[in-house]
file structure-v1.txt (compact mmCIF, C-alpha atoms)
# COMPACT_ATOMS: atom_id res chain seq x y z
CA MET A 110 0.00 0.00 0.00
CA PRO A 111 1.36 3.39 -0.90
CA VAL A 112 2.67 5.88 1.57
CA LYS A 113 1.23 9.22 0.55
CA ASP A 114 2.79 12.65 0.65
CA VAL A 115 1.38 14.78 3.43
CA LEU A 116 -0.10 17.96 2.00
CA ILE A 117 1.37 21.18 3.27
CA TYR A 118 -0.57 24.38 3.90
CA PRO A 119 -1.61 26.41 1.79
CA HIS A 120 -2.93 23.40 -0.07
CA PRO A 121 -6.66 24.21 -0.41
CA LEU A 122 -7.85 20.75 0.67
CA LEU A 123 -6.58 21.46 4.19
CA LYS A 124 -9.18 24.19 4.63
CA LYS A 125 -12.14 22.23 3.20
CA ILE A 126 -14.95 20.62 5.16
CA CYS A 127 -14.76 16.92 4.37
CA ALA A 128 -17.68 14.82 3.21
CA PRO A 129 -19.03 12.00 5.41
CA VAL A 130 -18.44 8.44 4.25
CA GLU A 131 -21.70 6.91 2.99
CA HIS A 132 -20.50 3.47 2.19
CA LEU A 133 -17.60 1.55 3.70
CA GLY A 134 -16.29 -0.25 0.64
CA GLU A 135 -13.01 -1.01 -1.00
CA GLU A 136 -12.25 2.61 -1.77
CA ILE A 137 -12.52 3.68 1.87
CA ASP A 138 -10.66 0.59 3.06
CA SER A 139 -7.70 1.40 0.87
CA LEU A 140 -7.86 5.05 2.01
CA ILE A 141 -7.67 3.75 5.59
CA GLN A 142 -4.66 1.61 4.71
CA ASP A 143 -2.94 4.60 3.06
CA LEU A 144 -3.55 6.66 6.19
CA ILE A 145 -2.04 3.97 8.42
CA ASP A 146 0.93 3.49 6.10
CA THR A 147 1.52 7.22 5.91
CA MET A 148 1.30 7.59 9.68
CA VAL A 149 3.76 4.76 10.23
CA ALA A 150 6.14 6.01 7.55
CA ALA A 151 6.16 9.45 9.13
CA GLY A 152 7.79 7.81 12.15
CA HIS A 153 7.08 10.38 14.79
CA SER A 154 3.51 10.94 13.68
CA VAL A 155 0.66 9.85 15.94
CA GLY A 156 -2.21 10.54 13.60
CA VAL A 157 -3.21 11.48 10.08
CA ALA A 158 -6.49 12.80 8.73
CA ALA A 159 -7.70 11.90 5.23
CA PRO A 160 -7.54 15.49 3.87
CA GLN A 161 -3.84 15.57 4.76
CA ILE A 162 -3.22 12.95 2.09
CA GLY A 163 -5.56 14.54 -0.41
CA ALA A 164 -8.83 12.74 0.33
CA PRO A 165 -11.56 15.10 1.56
CA ARG A 166 -13.46 12.39 3.45
CA ARG A 167 -14.25 12.09 7.16
CA VAL A 168 -11.66 9.50 8.10
CA VAL A 169 -8.79 9.71 10.61
CA VAL A 170 -6.30 7.29 12.08
CA VAL A 171 -4.65 7.86 15.46
CA ASP A 172 -2.16 5.77 17.39
CA VAL A 173 -0.44 7.32 20.39
CA SER A 174 0.72 3.98 21.83
CA HIS A 175 4.27 4.46 20.49
CA SER A 176 4.71 7.98 21.78
CA LYS A 177 6.19 8.86 25.14
CA LEU A 178 3.24 11.07 26.03
CA GLY A 179 0.53 8.58 25.15
CA ARG A 180 1.82 5.12 25.83
CA ASP A 181 0.27 4.75 29.28
CA ASP A 182 -3.30 5.57 28.36
CA ASN A 183 -4.51 4.72 24.87
CA HIS A 184 -6.68 2.52 22.67
CA GLY A 185 -3.88 1.41 20.36
CA LEU A 186 -4.52 1.98 16.68
CA LEU A 187 -7.80 3.80 16.18
CA VAL A 188 -9.42 3.96 12.76
CA MET A 189 -12.32 6.39 12.79
CA VAL A 190 -14.82 6.89 10.02
CA ASN A 191 -17.29 9.78 10.43
CA PRO A 192 -16.05 10.53 13.95
CA GLU A 193 -18.07 12.84 16.12
CA ILE A 194 -17.12 14.24 19.49
CA LEU A 195 -20.10 13.76 21.79
CA GLU A 196 -18.64 15.10 25.02
CA ARG A 197 -15.70 17.21 26.07
CA GLU A 198 -14.41 17.56 29.60
CA GLY A 199 -11.55 19.37 31.27
CA ARG A 200 -8.91 21.59 29.81
CA LYS A 201 -5.38 20.81 28.74
CA VAL A 202 -2.75 22.98 27.09
CA SER A 203 -0.26 21.37 24.74
CA ARG A 204 2.40 22.77 22.48
CA GLU A 205 1.15 21.45 19.16
CA GLY A 206 2.71 21.18 15.78
CA CYS A 207 1.39 19.64 12.59
CA MET A 208 2.95 17.83 9.64
CA SER A 209 0.92 20.09 7.35
CA VAL A 210 2.28 23.28 8.97
CA PRO A 211 6.04 22.74 9.25
CA ASP A 212 8.34 24.77 11.50
CA TYR A 213 5.69 26.28 13.71
CA THR A 214 4.28 25.26 17.06
CA GLY A 215 1.76 26.92 19.31
CA ASN A 216 -0.03 26.47 22.62
CA VAL A 217 -3.47 25.03 22.10
CA VAL A 218 -6.15 24.47 24.73
CA ARG A 219 -8.21 21.36 24.19
CA ALA A 220 -10.50 19.15 26.25
CA GLU A 221 -8.60 16.80 28.53
CA SER A 222 -11.06 14.02 27.88
CA VAL A 223 -13.47 13.35 25.01
CA VAL A 224 -16.15 10.83 24.15
CA VAL A 225 -16.04 10.03 20.44
CA GLN A 226 -18.56 8.13 18.35
CA PHE A 227 -17.37 6.64 15.06
CA LEU A 228 -17.48 3.70 12.69
CA ASP A 229 -14.48 1.41 12.85
CA ARG A 230 -12.78 -0.18 9.86
CA GLU A 231 -15.34 -2.99 9.81
CA GLY A 232 -18.21 -0.48 9.87
CA LYS A 233 -19.18 -1.19 13.47
CA GLN A 234 -20.57 1.72 15.48
CA ARG A 235 -18.27 2.42 18.44
CA VAL A 236 -18.04 4.92 21.26
CA ILE A 237 -14.87 5.44 23.27
CA ARG A 238 -13.63 7.81 25.94
CA ALA A 239 -10.10 9.06 25.37
CA ARG A 240 -7.99 11.00 27.85
CA GLY A 241 -4.83 13.04 27.90
CA PHE A 242 -2.60 12.98 24.87
CA GLU A 243 -4.84 10.57 22.97
CA ALA A 244 -7.75 12.98 23.45
CA VAL A 245 -5.60 15.86 22.20
CA ALA A 246 -4.50 13.90 19.14
CA LEU A 247 -8.11 12.94 18.32
CA GLN A 248 -9.31 16.53 18.59
CA HIS A 249 -6.45 17.71 16.38
CA GLU A 250 -7.15 15.11 13.68
CA ILE A 251 -10.93 15.52 13.78
CA ASP A 252 -10.41 19.29 13.38
CA HIS A 253 -8.74 18.53 10.03
CA LEU A 254 -12.07 17.11 8.81
CA ASP A 255 -13.62 20.54 9.30
CA GLY A 256 -10.78 22.41 7.64
CA LEU A 257 -9.37 23.56 10.98
CA LEU A 258 -5.65 23.70 11.65
CA PHE A 259 -4.08 24.12 15.08
CA LEU A 260 -3.30 27.66 13.91
CA ASP A 261 -7.03 28.34 14.20
CA ARG A 262 -6.90 27.33 17.84
CA VAL A 263 -3.68 28.79 19.20
CA SER A 264 -4.69 30.10 22.59
CA SER A 265 -1.72 32.14 23.66
CA LEU A 266 1.64 33.39 22.65
CA LYS A 267 4.50 31.45 24.15
CA THR A 268 4.03 32.83 27.61
CA ASP A 269 0.45 33.76 28.33
CA LEU A 270 0.80 34.52 32.01
CA PHE A 271 1.18 38.27 31.70
CA ARG A 272 -1.66 38.97 29.36
CA ARG A 273 -4.44 37.91 31.66
CA LYS A 274 -7.11 40.15 33.07
CA LYS A 275 -6.32 43.22 35.11
CA ARG A 276 -7.80 43.53 38.55
CA MET B 108 18.35 40.26 0.15
CA THR B 109 19.71 42.51 2.88
CA HIS B 110 18.02 42.18 6.24
CA PHE B 111 17.57 44.76 8.95
CA ALA B 112 16.46 44.71 12.56
CA LEU B 113 14.09 47.51 13.48
CA THR B 114 13.16 48.30 17.06
CA ILE B 115 10.59 50.89 18.02
CA ILE B 116 9.46 51.85 21.47
CA GLY B 117 7.17 54.52 22.88
CA ARG B 118 4.24 55.27 25.13
CA ASP B 119 1.52 52.74 24.34
CA ARG B 120 -1.58 53.91 22.50
CA PRO B 121 -3.76 52.52 19.72
CA GLY B 122 -2.43 53.01 16.19
CA ILE B 123 1.32 52.54 16.65
CA VAL B 124 1.46 49.31 14.65
CA ALA B 125 -0.59 50.84 11.84
CA LYS B 126 1.70 53.88 11.65
CA VAL B 127 4.86 51.81 11.59
CA THR B 128 3.64 49.23 9.13
CA GLU B 129 2.25 51.84 6.77
CA ILE B 130 5.73 53.32 6.46
CA LEU B 131 7.24 49.86 5.92
CA TYR B 132 4.60 49.01 3.37
CA ARG B 133 5.20 52.19 1.39
CA LEU B 134 8.95 51.56 1.46
CA GLY B 135 8.40 48.05 0.09
CA CYS B 136 9.87 46.31 3.14
CA ASN B 137 9.03 42.72 3.98
CA ILE B 138 8.41 41.95 7.64
CA ALA B 139 9.74 38.50 8.48
CA ASP B 140 9.88 37.58 12.16
CA SER B 141 8.52 40.11 14.59
CA SER B 142 7.48 40.38 18.19
CA CYS B 143 5.65 43.34 19.71
CA THR B 144 4.35 43.71 23.22
CA ILE B 145 3.47 46.07 26.03
CA LEU B 146 6.15 46.47 28.69
CA GLY B 147 5.22 48.80 31.49
CA GLY B 148 3.35 51.59 29.72
CA GLN B 149 5.52 51.26 26.64
CA PHE B 150 4.81 49.46 23.41
CA ALA B 151 7.93 47.74 22.12
CA MET B 152 8.29 46.44 18.58
CA ILE B 153 11.12 44.29 17.29
CA LEU B 154 11.04 43.37 13.61
CA ILE B 155 13.32 41.63 11.18
CA LEU B 156 12.91 43.30 7.79
CA SER B 157 14.16 42.69 4.33
CA HIS B 158 14.06 44.87 1.25
CA PRO B 159 14.76 43.82 -2.33
CA LYS B 160 16.94 46.87 -3.05
CA MET B 161 18.01 48.67 0.08
CA GLN B 162 21.52 47.82 1.21
CA SER B 163 22.24 50.27 4.00
CA ASN B 164 20.64 52.20 6.84
CA GLU B 165 21.25 55.46 5.01
CA GLU B 166 18.89 54.49 2.20
CA PHE B 167 15.99 54.63 4.63
CA GLY B 168 16.67 58.37 4.86
CA THR B 169 14.07 60.22 6.87
CA SER B 170 11.39 57.54 6.42
CA PHE B 171 11.02 57.05 10.16
CA ALA B 172 11.08 60.75 11.07
CA PRO B 173 7.27 60.92 11.46
CA LEU B 174 7.50 58.22 14.12
CA GLU B 175 10.18 60.10 16.03
CA ALA B 176 8.03 63.22 15.76
CA ASP B 177 5.25 61.18 17.36
CA GLY B 178 7.40 60.40 20.38
CA LEU B 179 8.53 56.94 19.33
CA SER B 180 12.19 55.93 19.50
CA VAL B 181 13.38 54.14 16.38
CA PHE B 182 16.52 52.11 15.96
CA LEU B 183 17.58 50.41 12.73
CA ARG B 184 20.39 47.90 12.46
CA LYS B 185 21.67 46.24 9.32
CA LEU B 186 22.22 42.50 9.77
CA GLN B 187 25.31 40.63 8.64
CA PRO B 188 24.52 38.17 5.84
CA GLY B 189 22.87 35.10 7.37
CA GLY B 190 21.92 37.00 10.52
CA GLU B 191 18.24 36.69 9.68
CA SER B 192 18.03 32.94 10.20
CA ALA B 193 18.41 31.13 13.49
CA ALA B 194 20.84 28.29 13.93
CA GLU B 195 19.08 24.99 14.41
CA ILE B 196 18.53 24.68 18.17
CA ASP B 197 18.08 21.04 19.03
CA GLY B 198 17.42 19.86 22.52
CA GLU B 199 14.86 19.53 25.25
CA ILE B 200 12.71 22.63 25.75
CA CYS B 201 11.84 23.63 29.27
CA MET B 202 9.87 26.33 31.00
CA ILE B 203 11.35 27.78 34.16
CA SER B 204 9.18 29.83 36.52
CA VAL B 205 10.94 31.93 39.12
CA TYR B 206 8.90 34.00 41.53
CA GLY B 207 9.07 35.49 44.99
CA SER B 208 9.05 38.68 47.01
CA ASP B 209 10.71 41.34 44.94
CA LYS B 210 14.33 42.01 45.77
CA PRO B 211 17.37 43.11 43.81
CA GLY B 212 19.30 40.40 42.05
CA ILE B 213 16.86 37.71 40.95
CA VAL B 214 17.40 37.69 37.19
CA TYR B 215 21.18 37.65 37.11
CA PRO B 216 21.88 34.61 39.34
CA VAL B 217 19.35 32.54 37.41
CA ALA B 218 20.68 33.66 34.03
CA LYS B 219 24.26 33.06 35.20
CA ILE B 220 23.50 29.44 36.06
CA LEU B 221 21.79 28.90 32.71
CA GLY B 222 24.64 30.55 30.82
CA ASP B 223 27.27 28.55 32.67
CA MET B 224 25.42 25.35 31.77
CA GLN B 225 25.26 26.39 28.09
CA ILE B 226 21.46 26.54 28.30
CA ASN B 227 20.03 28.74 25.57
CA ILE B 228 17.30 31.15 26.69
CA THR B 229 14.86 31.48 23.79
CA ASP B 230 12.25 33.57 25.58
CA LEU B 231 12.25 35.54 28.79
CA ASN B 232 9.53 37.62 30.42
CA THR B 233 9.59 39.32 33.78
CA LYS B 234 6.89 41.23 35.54
CA LEU B 235 6.47 43.02 38.78
CA VAL B 236 3.11 42.07 40.27
CA GLY B 237 1.48 42.08 43.69
CA THR B 238 0.76 45.21 45.69
CA PRO B 239 3.06 48.18 46.27
CA GLN B 240 3.41 47.01 49.90
CA ARG B 241 4.18 43.42 48.96
CA PRO B 242 5.61 43.39 45.45
CA VAL B 243 6.16 40.03 43.85
CA TYR B 244 8.59 39.41 41.04
CA VAL B 245 7.72 36.83 38.40
CA MET B 246 10.07 35.59 35.71
CA MET B 247 9.20 33.08 33.00
CA ILE B 248 11.94 31.58 30.93
CA GLU B 249 11.76 29.26 27.99
CA ALA B 250 15.08 27.62 27.32
CA VAL B 251 16.67 24.81 25.35
CA LEU B 252 19.00 22.40 27.13
CA PRO B 253 22.20 21.43 25.35
CA ALA B 254 22.56 17.82 24.21
CA GLY B 255 23.44 15.53 27.09
CA LEU B 256 22.19 17.80 29.86
CA GLU B 257 19.37 16.28 31.89
CA ILE B 258 16.64 18.46 33.29
CA GLU B 259 17.44 17.03 36.74
CA GLU B 260 20.90 18.58 36.68
CA LEU B 261 19.40 21.98 36.03
CA SER B 262 16.83 21.28 38.71
CA SER B 263 19.39 20.62 41.40
CA ALA B 264 21.46 23.65 40.41
CA LEU B 265 18.37 25.85 40.68
CA ASP B 266 17.32 24.20 43.96
CA ARG B 267 20.43 25.60 45.61
CA LEU B 268 19.58 29.03 44.26
CA LYS B 269 16.07 28.73 45.61
CA LYS B 270 17.41 28.67 49.15
CA ASP B 271 19.96 31.44 48.60
CA LEU B 272 17.50 33.80 46.96
CA GLN B 273 14.38 32.79 48.91
CA VAL B 274 12.35 32.45 45.73
CA ASP B 275 10.26 29.66 44.29
CA ILE B 276 11.49 27.99 41.14
CA ALA B 277 9.72 25.37 39.06
CA ILE B 278 10.97 23.67 35.93
CA ARG B 279 8.99 21.60 33.53
CA SER B 280 9.72 20.02 30.26
CA ILE B 281 7.70 21.08 27.23
CA THR B 282 7.39 18.46 24.59
CA PRO B 283 6.03 19.95 21.38
CA VAL B 284 3.87 17.28 19.79
CA GLU B 285 3.70 16.93 16.04
CA LEU B 286 0.28 15.61 15.15
call {"tool": "encode", "arguments": {"input": "structure-v1.txt", "output": "C-alpha cells"}}
result
Amino acid sequence: MPVKDVLIYPHPLLKKICAPVEHLGEEIDSLIQDLIDTMVAAGHSVGVAAPQIGAPRRVVVVDVSHSKLGRDDNHGLLVMVNPEILEREGRKVSREGCMSVPDYTGNVVRAESVVVQFLDREGKQRVIRARGFEAVALQHEIDHLDGLLFLDRVSSLKTDLFRRKKR
Amino acid sequence: MTHFALTIIGRDRPGIVAKVTEILYRLGCNIADSSCTILGGQFAMILILSHPKMQSNEEFGTSFAPLEADGLSVFLRKLQPGGESAAEIDGEICMISVYGSDKPGIVYPVAKILGDMQINITDLNTKLVGTPQRPVYVMMIEAVLPAGLEIEELSSALDRLKKDLQVDIAIRSITPVEL
C-alpha cells in the first residue's frame, strides 16, 4: 500500500470541510490503509487525517501507543470513520505542531477528555472515551475534517501569564 | 536580500502598529519575524525586515522621522549576511518559573546558572506584580537544554539558588507534539 505525501498548507484541501463516508467499501478501506501506512512512515507521527493525504473524506487514524506522552493511556490503533465528538471535559494545554504546517508550534487548549462516536474499519458503530494525549490527538485530527488547523486554535503566545485580566 | 532589525518603542496607545507598518509598506519592506508587546506603559516592537533593493541604513533616509516626531524611538540595524536565520537549536525545551518577594538580584543569578550550563534562553519575560506594599517578582523563561544535559541537573542547580534567593522555582519540560 502506498505511503502518501502529506499535503502542506496552503494546499486548499486542508481548509475544506470533508464529506461523510456513505459506504464503507473497497475505496474507503484502501484510504484507511494509506492513512495507516503514511502515519507509520512518518515515524514520529501519531495521527493522520484523510484530507492531509488529499482525500476530503471524514476519516482519521490515530495511534499514540508508540509515543512517550501517550503510551500509558490509549486505545492502540484507532481507525475512525465519520467521527463525532459527543462530550468534552476538562482543559489541557499542549504545544502542538502539525505535519501540514512545518516549522511552527503553538499552545493550544483542548478538552482533557473526550467521548467520540465513530465507525471502525469494519463499519461497526463504536463509542470510546479518550484522555490526555490521545484525546488531544483525536481533537487535532478531527479538526482537520472541518478544515481547521491548530493555527485556528492557538490560545496564547508562548508565555500567556502576563496577558491575563487586570484587577 | 539585505536584512535589517528595526526596534521601536514609545508610550503605548492605539495606532502605533498601523503607523509603523504603513511606512514599511510604502517603502516596500518585507516583515519577516517580529514580536511586539506592552512592557510597562511602553509598546515595544522588534522586527526583522528585508528589502529587495536597500543595502544600508542610510537608504531609509528620513522615512522614520514621522515616528520620532510622534514620540517613538526608532533604531535600525543592518544585519550581517545570514543574521536573519536562526541556527538549528536542538534539545529539550523547558519552562522555568521563578517567583518570589521582589528584591534586587533575581534575574542575574538565574541567568548566570543557565549561561554557565550552556542553556540557551529562547524567551524571557519578567513582571512586577502584587501590591506596592508586597511586590512580587515573576520571571518566566523558555530555554533549550544542550545535548546531554538532563533536566534534573538543572533542577538541582536551581534548587540551591532557591534557598539562597528565597524564591520559588519550578521547571517543567515542554514536549512539542507533532500531530
call {"tool": "closest_residue", "arguments": {"input": "structure-v1.txt", "among": "B:Val236, B:Val205, B:Met224, B:Leu174", "to": "B:Asp275", "atoms": "only C-alpha atoms"}}
result
B:Val205
call {"tool": "interface_residues", "arguments": {"input": "structure-v1.txt", "of": "chain A", "to": "chain B", "cutoff": "7 Å", "atoms": "all atoms listed in the file", "output": "JSON, numbers by chain"}}
result
{"A": [154, 155, 156, 204, 205, 206, 207, 208, 246]}
call {"tool": "residues_near_point", "arguments": {"input": "structure-v1.txt", "point": "(5.5, 9.8, 9.9)", "cutoff": "12 Å", "atoms": "all atoms listed in the file", "output": "PyMOL selection string"}}
result
(chain A and resi 112-115+144-157+171-172+175+207-209) or (chain B and resi 285-286)
call {"tool": "residues_around", "arguments": {"input": "structure-v1.txt", "residues": "stretch 214-224 of chain A", "least_positions_apart": "6", "cutoff": "9 Å", "atoms": "only C-alpha atoms", "output": "PDB file with C-alpha atoms, keeping the file's coordinate frame"}}
result
ATOM      1  CA  GLU A 193     -18.070  12.840  16.120  1.00  0.00           C
ATOM      2  CA  ILE A 194     -17.120  14.240  19.490  1.00  0.00           C
ATOM      3  CA  LEU A 195     -20.100  13.760  21.790  1.00  0.00           C
ATOM      4  CA  GLU A 196     -18.640  15.100  25.020  1.00  0.00           C
ATOM      5  CA  ARG A 197     -15.700  17.210  26.070  1.00  0.00           C
ATOM      6  CA  GLU A 198     -14.410  17.560  29.600  1.00  0.00           C
ATOM      7  CA  GLY A 199     -11.550  19.370  31.270  1.00  0.00           C
ATOM      8  CA  ARG A 200      -8.910  21.590  29.810  1.00  0.00           C
ATOM      9  CA  LYS A 201      -5.380  20.810  28.740  1.00  0.00           C
ATOM     10  CA  VAL A 202      -2.750  22.980  27.090  1.00  0.00           C
ATOM     11  CA  SER A 203      -0.260  21.370  24.740  1.00  0.00           C
ATOM     12  CA  ARG A 204       2.400  22.770  22.480  1.00  0.00           C
ATOM     13  CA  GLU A 205       1.150  21.450  19.160  1.00  0.00           C
ATOM     14  CA  GLY A 206       2.710  21.180  15.780  1.00  0.00           C
ATOM     15  CA  CYS A 207       1.390  19.640  12.590  1.00  0.00           C
ATOM     16  CA  VAL A 236     -18.040   4.920  21.260  1.00  0.00           C
ATOM     17  CA  ILE A 237     -14.870   5.440  23.270  1.00  0.00           C
ATOM     18  CA  ARG A 238     -13.630   7.810  25.940  1.00  0.00           C
ATOM     19  CA  ALA A 239     -10.100   9.060  25.370  1.00  0.00           C
ATOM     20  CA  ARG A 240      -7.990  11.000  27.850  1.00  0.00           C
ATOM     21  CA  GLY A 241      -4.830  13.040  27.900  1.00  0.00           C
ATOM     22  CA  PHE A 242      -2.600  12.980  24.870  1.00  0.00           C
ATOM     23  CA  GLU A 243      -4.840  10.570  22.970  1.00  0.00           C
ATOM     24  CA  ALA A 244      -7.750  12.980  23.450  1.00  0.00           C
ATOM     25  CA  VAL A 245      -5.600  15.860  22.200  1.00  0.00           C
ATOM     26  CA  LEU A 247      -8.110  12.940  18.320  1.00  0.00           C
ATOM     27  CA  GLN A 248      -9.310  16.530  18.590  1.00  0.00           C
ATOM     28  CA  HIS A 249      -6.450  17.710  16.380  1.00  0.00           C
ATOM     29  CA  PHE A 259      -4.080  24.120  15.080  1.00  0.00           C
ATOM     30  CA  LEU A 260      -3.300  27.660  13.910  1.00  0.00           C
ATOM     31  CA  ARG A 262      -6.900  27.330  17.840  1.00  0.00           C
ATOM     32  CA  VAL A 263      -3.680  28.790  19.200  1.00  0.00           C
ATOM     33  CA  SER A 264      -4.690  30.100  22.590  1.00  0.00           C
ATOM     34  CA  SER A 265      -1.720  32.140  23.660  1.00  0.00           C
ATOM     35  CA  LEU A 266       1.640  33.390  22.650  1.00  0.00           C
ATOM     36  CA  LYS A 267       4.500  31.450  24.150  1.00  0.00           C
TER      37      LYS A 267
ATOM     38  CA  PRO B 283       6.030  19.950  21.380  1.00  0.00           C
ATOM     39  CA  VAL B 284       3.870  17.280  19.790  1.00  0.00           C
ATOM     40  CA  GLU B 285       3.700  16.930  16.040  1.00  0.00           C
TER      41      GLU B 285
END
call {"tool": "atom_distance", "arguments": {"input": "structure-v1.txt", "atom1": "atom CA of B:Met161", "atom2": "atom CA of B:Gly178"}}
result
25.7 Å
call {"tool": "build_atoms", "arguments": {"input": "structure-v1.txt", "residues": "stretch 168-176 of chain A", "atoms": "all heavy atoms", "output": "tab-separated table (two decimals), in the frame of the given file"}}
result
chain	number	residue	atom	x	y	z
A	168	VAL	N	-12.37	10.68	7.59
A	168	VAL	CA	-11.66	9.50	8.10
A	168	VAL	C	-10.36	9.96	8.76
A	168	VAL	O	-9.63	10.78	8.19
A	168	VAL	CB	-11.30	8.52	6.96
A	168	VAL	CG1	-10.63	7.27	7.52
A	168	VAL	CG2	-12.54	8.14	6.15
A	169	VAL	N	-10.08	9.45	9.97
A	169	VAL	CA	-8.79	9.71	10.61
A	169	VAL	C	-8.23	8.42	11.18
A	169	VAL	O	-8.98	7.49	11.48
A	169	VAL	CB	-8.88	10.76	11.76
A	169	VAL	CG1	-9.45	12.07	11.27
A	169	VAL	CG2	-9.69	10.23	12.94
A	170	VAL	N	-6.92	8.37	11.31
A	170	VAL	CA	-6.30	7.29	12.08
A	170	VAL	C	-5.42	7.95	13.16
A	170	VAL	O	-4.80	8.97	12.92
A	170	VAL	CB	-5.45	6.34	11.21
A	170	VAL	CG1	-6.31	5.69	10.13
A	170	VAL	CG2	-4.27	7.05	10.57
A	171	VAL	N	-5.44	7.34	14.34
A	171	VAL	CA	-4.65	7.86	15.46
A	171	VAL	C	-4.05	6.67	16.20
A	171	VAL	O	-4.72	5.64	16.39
A	171	VAL	CB	-5.55	8.69	16.43
A	171	VAL	CG1	-4.83	8.94	17.75
A	171	VAL	CG2	-5.96	10.01	15.80
A	172	ASP	N	-2.79	6.79	16.57
A	172	ASP	CA	-2.16	5.77	17.39
A	172	ASP	C	-1.09	6.43	18.25
A	172	ASP	O	-0.02	6.75	17.76
A	172	ASP	CB	-1.55	4.68	16.50
A	172	ASP	CG	-0.97	3.54	17.34
A	172	ASP	OD1	-1.01	3.63	18.58
A	172	ASP	OD2	-0.49	2.56	16.74
A	173	VAL	N	-1.41	6.64	19.52
A	173	VAL	CA	-0.44	7.32	20.39
A	173	VAL	C	0.35	6.31	21.22
A	173	VAL	O	1.14	6.70	22.08
A	173	VAL	CB	-1.12	8.36	21.32
A	173	VAL	CG1	-1.84	9.42	20.51
A	173	VAL	CG2	-2.06	7.69	22.30
A	174	SER	N	0.13	5.00	20.95
A	174	SER	CA	0.72	3.98	21.83
A	174	SER	C	2.25	3.94	21.72
A	174	SER	O	2.91	3.41	22.59
A	174	SER	CB	0.12	2.61	21.54
A	174	SER	OG	0.45	2.21	20.23
A	175	HIS	N	2.81	4.49	20.63
A	175	HIS	CA	4.27	4.46	20.49
A	175	HIS	C	4.91	5.76	20.95
A	175	HIS	O	6.12	5.92	20.83
A	175	HIS	CB	4.65	4.21	19.02
A	175	HIS	CG	4.08	2.93	18.51
A	175	HIS	ND1	4.55	1.70	18.90
A	175	HIS	CD2	3.05	2.68	17.66
A	175	HIS	CE1	3.85	0.76	18.31
A	175	HIS	NE2	2.93	1.32	17.55
A	176	SER	N	4.11	6.70	21.40
A	176	SER	CA	4.71	7.98	21.78
A	176	SER	C	4.83	8.07	23.30
A	176	SER	O	3.99	7.54	24.03
A	176	SER	CB	3.88	9.14	21.22
A	176	SER	OG	3.16	9.75	22.26
